Structures are given as structure tokens and as C-alpha cells.
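Asks: Could you have a look at this structure, given as C-alpha cells, before my questions?
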Amino acid sequence: MSPERDQRSVGELLMDADAQARQLLLHVDGDDAPALMRTWGEVVQNASDLWAAFPSEPLASPDAGPTMQRLETMSQTLHHAQIRQTWPGPGPSHERLLTISDNLARATELVDRYCGDVRPTTDPVRADLAAARMRVMHTLYVGSHAVGVAVQQHHRDLQDRFGKKGSPRQQFGISRSSRQHAARQAAARRAADHLAAFEQLAGAVTGRRFGEVLAGEHQLPASDTGRLGQAMADLDIQSHRVLAATPTAANLHLSAATQAGLAHAGIVILAAASSTGQLDPSHRARLVPALESSGQAWHRLADQWGDMLAPGDRADPSLRRAAGETRAAVYEVAMDKTSWATAEVITQRVDLAEAAATVQMAVAAAVEAAGVHRDVAVRDQSLTGPARTMAARARELDDGVDRQVPWVKPADLHANRVVALPAPLRQELVAATDRLVDITRKALSASSVLNHAGWPSPAGAESPRRLPEERQHPSSTLLPSRPGPQR
């Protein structure tokens with residue numbers, strides 16, 4: 001795979017957009033709201049463009065087409081209102097929404113390029129197209145809820161920070177600054193109402209039909225583990241290059257989150273090998289807990305790097321492409337529509353002995369990746385984070401100690417500037433990466449049982465690859481979760 005080109009299919013891009021929307025819902029807070037609002041209109045516009053690019057067909061839901069038009073109109077209305085208002089104002093975009101937007105734009109490009117002659121004349125093709133439309137609508141449904149959660153929290157934060165109308169600080173006249181704060185609160189409140197209406201419209205289309213429609217989704221599964229092995233090798237190369245040159249929170253967060261996903265995928269593959277008798281139960285009893293510990297440690301570290309993300313931070317493009325391809329390769333092997341695939345399904349797709357050997361390769365690579373993260377935590381003095389998050393985390397780690405000199409200056413806290421990493425957070429990062437190195441080493445030791453099974457090495461990096469136009473169908477998400485808003 002060329003690291004300069006996104007190799008994913010239309011379906012894989014849509015699955016990833018949907019998965020990113022669900023992940024967004026789990027990780028937003030009020031401070032994210034301005035960046036989210038600056039980016040949300042682009043997501044809706046790209047979703048609408050993709051919807052229009054799909055081949056025409058009688059929709060499973062007659063209201064879906066007009067609903068998309070209404071959603072686009074609502075988004076444009078909100079965008080024009082934002083231009084006239086002081087909130088959210090100019091500033092950075094949001095990383096995860098940009099990823100969703102990029103996926104939708106890339107999918108539109110592929111549909112325009114390859115699907116001009118596609119005619120939905122058979123039931124399987126119509127079902128697959130309906131599933132693709134459902135993915136788009138579900139992404140907007142979950143995404144609007146996530147953005148709405150952040151905006152509502154932001155509105156409450158503004159009220160707590162500057163007071164409600166009629167509060168004591170406003171009873172003796174309203175200063176210019178107070179009027180600006182009041183205008184921001186009003187704009188946030190209107191945006192929250194708009195997003196609630198948007199969510200209801202999109203939710204009326206997805207409703208309870210999400211699983212039913214997704215059942216018709218065509219998935220072209222892997223024929224071997226060559227793509228997964230190549231993707232992991234490319235991820236390893238790009239991670240080393242990027243983190244050596246630019247060890248930013250965004251790059252570190254993406255690297256750790258991808259490693260966490262690979263550990264969880266490895267557990268699924270090994271469970272399938274065990275249930276079909278290709279992995280001794282005693283070996284599974286040793287290796288699976290080690291992989292679970294590794295995945296959890298990577299997930300916790302990803303959250304810590306995520307706390308250091310400032311609005312507008314974005315991972316390096318080459319690392320984003322490598323991580324996206326890794327997720328797509330996992331989809332082919334171990335995912336089925338909206339959940340992990342069963343052992344029977346995985347067995348039909350790939351040789352489980354070969355897949356388990358690929359898992360061992362991932363376990364070995366994770367040890368090296370953990371060492372890179374630890375080196376950054378120990379040595380890099382340029383690590384920074386948003387003031388409010390840094391101050392809150394430092395207070396937690398200080399365990400209620402009343403410091404005469406706060407870790408973050410009040411002026412930086414008020415403006416939520418990007419500040420140097422406080423000492424308690426540095427210590428926490430070093431301790432977390434020390435634990436991660438130890439846990440990944442134990443997982444590697446546990447994976448040595450795979451060497452005694454007589455299994456071959458994983459499919460090589462030079463295995464023949466399919467072109468994007470040869471696999472234009474959806475797969476599923478790396479970290480399965482229930483559809484629809486959960487927060």
C-alpha cells in the first residue's frame with residue numbers, strides 16, 4: 001500500500017465515518033463545542049454530496065431523500081447564522097469531525113469515479129445501496145447528538161462562568177463584556193435547539209430499521225491476512241517516522257488508540273481459533289488475558305494523550321492513512337456488519353492459523369510502540385495541553401492538596417490557552433508508559449505459545465492487493481458499539 005493514497009473502499013469509508021461518530025459521542029465535552037460547530041456544516045455538506053452521488057433508486061424509506069435535503073438546508077441556515085454571531089467565531093476545526101468529513105468526501109470521489117454505470121436493478125444491489133444510505137444517515141444522527149451534547153454542556157459552562165440573566169453580577173448594569181457573554185449563551189442555546197431538531201429528523205429515518213437495513217449490506221471479506229499484515233507493517237513504519245519527528249498529542253493519541261484496537265481484534269481472532277480447535281485452550285487462557293491487559297493499557301494511554309489535545313490539533317496525514325487502512329483491514333477479517341464476527345464467519349474468510357500468526361506480529365510490534373511512547377513521555381519537554389483540562393487533571397493527581405502556586409496560571413485558565421504539561425501529569429504519563437512497556441512485554445512472552453503450534457508466518461507484505469474499485473462495499477467498525485446515541 002502506498003502511504004500517500006487512501007486505499008479504502010466506499011463501504012469501509014462509510015463504516016469508519018459511522019464508527020468515528022460513535023467515538024465522538026464518548027469523548028466530547030463543552031470545551032469542544034466551538035470547534036465542533038465550525039466543522040459540523042462541512043460534515044453535513046459532504047454527506048449531502050455523497051447522498052446525491054449515489055445511483056438513483058426507489059428508496060426503502062420514501063422520506064429519506066427529502067429528509068436529507070431538509071438536513072442540508074437546516075445546516076446552511078445555522079452556518080449563515082453563525083457568520084452573523086459572535087459565537088463560535090473564527091478558530092480551529094475539530095479533528096474527529098474532520099476525519100468524518102474526509103471519509104465522506106473520499107467516498108463521494110470514489111462513487112463519482114467508479115459507479116457511473118452502476119444500475120440498482122437487482123435486489124442485492126438495491127439492498128447494499130440502501131445500507132450505504134443508512135450508514136450516511138446514521139453518521140449524521142449520532143454525530144448531531146454528539147455535537148448537541150457538547151453545545152449543551154458549553155451553554156451550561158457559560159452560565160456557570162458568567163452568570164445567568166438576572167444574576168447578582170448583572171443586576172447593576174450590563175457591561176459590554178457581559179453583553180458579549182449573553183450573546184454567546186444565546187447563540188449556543190439556539191445551536192443546541194437546532195441540533196436537537198436535526199437529530200430528531202435524522203433519527204426518524206434510522207429509527208429501529210438500522211439493523212434491518214444493514215442486514216442487506218454486501219461485505220467483501222478478506223481472502224487471506226495479507227492486507228492486515230501489510231497494514232500493520234505500514235502502521236509501524238509511519239508511527240516511528242511521525243513520532244520521531246513530531247510527537248504531538250494528536251499523533252500519540254491516534255497511535256495509542258490504533259494499538260488498543262489491534263489488541264481487541266487479536267482477542268477476537270484467537271477466540272475464533274480456540275473455538276474451532278486450532279488453538280489449545282490452555283494457550284488461550286494464557287494469551288487472551290495478556291492481550292486484554294495490553295488493550296486496556298493502550299486505551300488508558302490514548303485517553304491521557306487525548307486530554308492533551310487542543311482544538312485544531314490533527315494527526316499527521318500519513319499516520320491517519322495508515323491507521324485508517326489498519327482499521328479497514330481488521331474489518332475484512334474480524335467484523336460482521338455492526339459487531340465482531342463469529343468464529344464460523346472468520347473461519348470462512350481466512351486461515352485461522354495464518355490469522356493468529358498475524359496477531360503475534362502485532363503483539364511484537366506493540367512492544368516497540370510502547371517504548372516509543374515511553375521515550376516521548378520521559379524526554380519530550382514540548383508536551384502541552386489545554387489549560388482547563390491540565391488544571392483539572394493536576395488537581396485530581398494532587399489529591400486535594402491546596403497549592404499556594406497553582407499548576408496553571410489563572411489568566412491561562414480563563415482563556416483556556418495551551419500550556420506546558422504540569423509536573424503531576426508528566427509523572428502520570430511516565431508511570432503509565434512504564435506499565436504499558438511491562439504489559440506489552442508480558443503479552444509478547446505469552447504469545448510465544450503460538451510458535452509451538454507449527455503455524456506458518458503471516459501472509460507477507462508483498463501479497464497481491466485489490467484495487468479500491470475491486471472492493472467497493474462496506475465492512476464494519478474496529479470497536480463495535482450499539483448504534484445510535486448512548487449519552
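We label chains A, B, ... in the order they appear in the C-alpha cells, count residues from 1 in each chain, and number ligands from 1 in the order shown.
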Near stretch 187-194 of chain A, counting only C-alpha atoms, which residues have an atom at most 6 Å away, once you skip same-chain residues fewer than 5 positions from it, shown as an MDAnalysis selection string?

Replies: chainID A and resid 148 151:152 155

Asks: Excluding A:Ala244 and residues on its chain fewer than 4 positions from it, collect all residues at most 9 Å away from it, counting only C-alpha atoms, and give them as a list in words.

Replies: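 What passes the distance filter is Ser239, His240, Val372 and Val376 of chain A.
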
Asks: Could the residues in this selection be saved with C-alpha atoms as a PDB file, in the first residue's frame?

Replies:
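Dumped everything to part31.pdb:
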ATOM      1  CA  SER A 239       4.292   5.608  13.583  1.00  0.00           C
ATOM      2  CA  HIS A 240       8.061   5.501  14.046  1.00  0.00           C
ATOM      3  CA  VAL A 372       8.422   4.928  21.676  1.00  0.00           C
ATOM      4  CA  VAL A 376       8.261  10.726  24.489  1.00  0.00           C
TER       5      VAL A 376
END

Asks: Apply DSSP to the backbone of this structure and, from stretch 227-412 of chain A, keep only the residues in strand (DSSP E or B); write these as a PyMOL selection string.

Replies: chain A and resi 335-336+339-340+384-386

Asks: Which polymer residues have any atom within 7 Å of an atom of stretch 178-185 of chain A, counting only C-alpha atoms, with same-chain residues fewer than 6 positions away left out, as a list in words?

Replies: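 Once the nearby chain positions are removed, what remains is Thr86, Trp87, His155, Leu158 and Phe162 of chain A.
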
Asks: List every residue of stretch 46-210 of chain A that DSSP, applied to the backbone of this structure, places in helix (DSSP H, G or I), and write the result as a PyMOL selection string.

Replies: chain A and resi 46-53+64-84+95-114+123-162+168-170+176-206+210

Asks: With distances taken over only C-alpha atoms, which residue among A:Met74, A:Val430, A:Ile100, A:Val449 lies nearest A:His283?

Replies: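 Closest candidate: A:Val449.
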
Asks: Between A:Gln219, A:Thr326, A:Thr338, A:Ser75, single out the one closest to A:Asp128, counting only C-alpha atoms.

Replies: A:Gln219
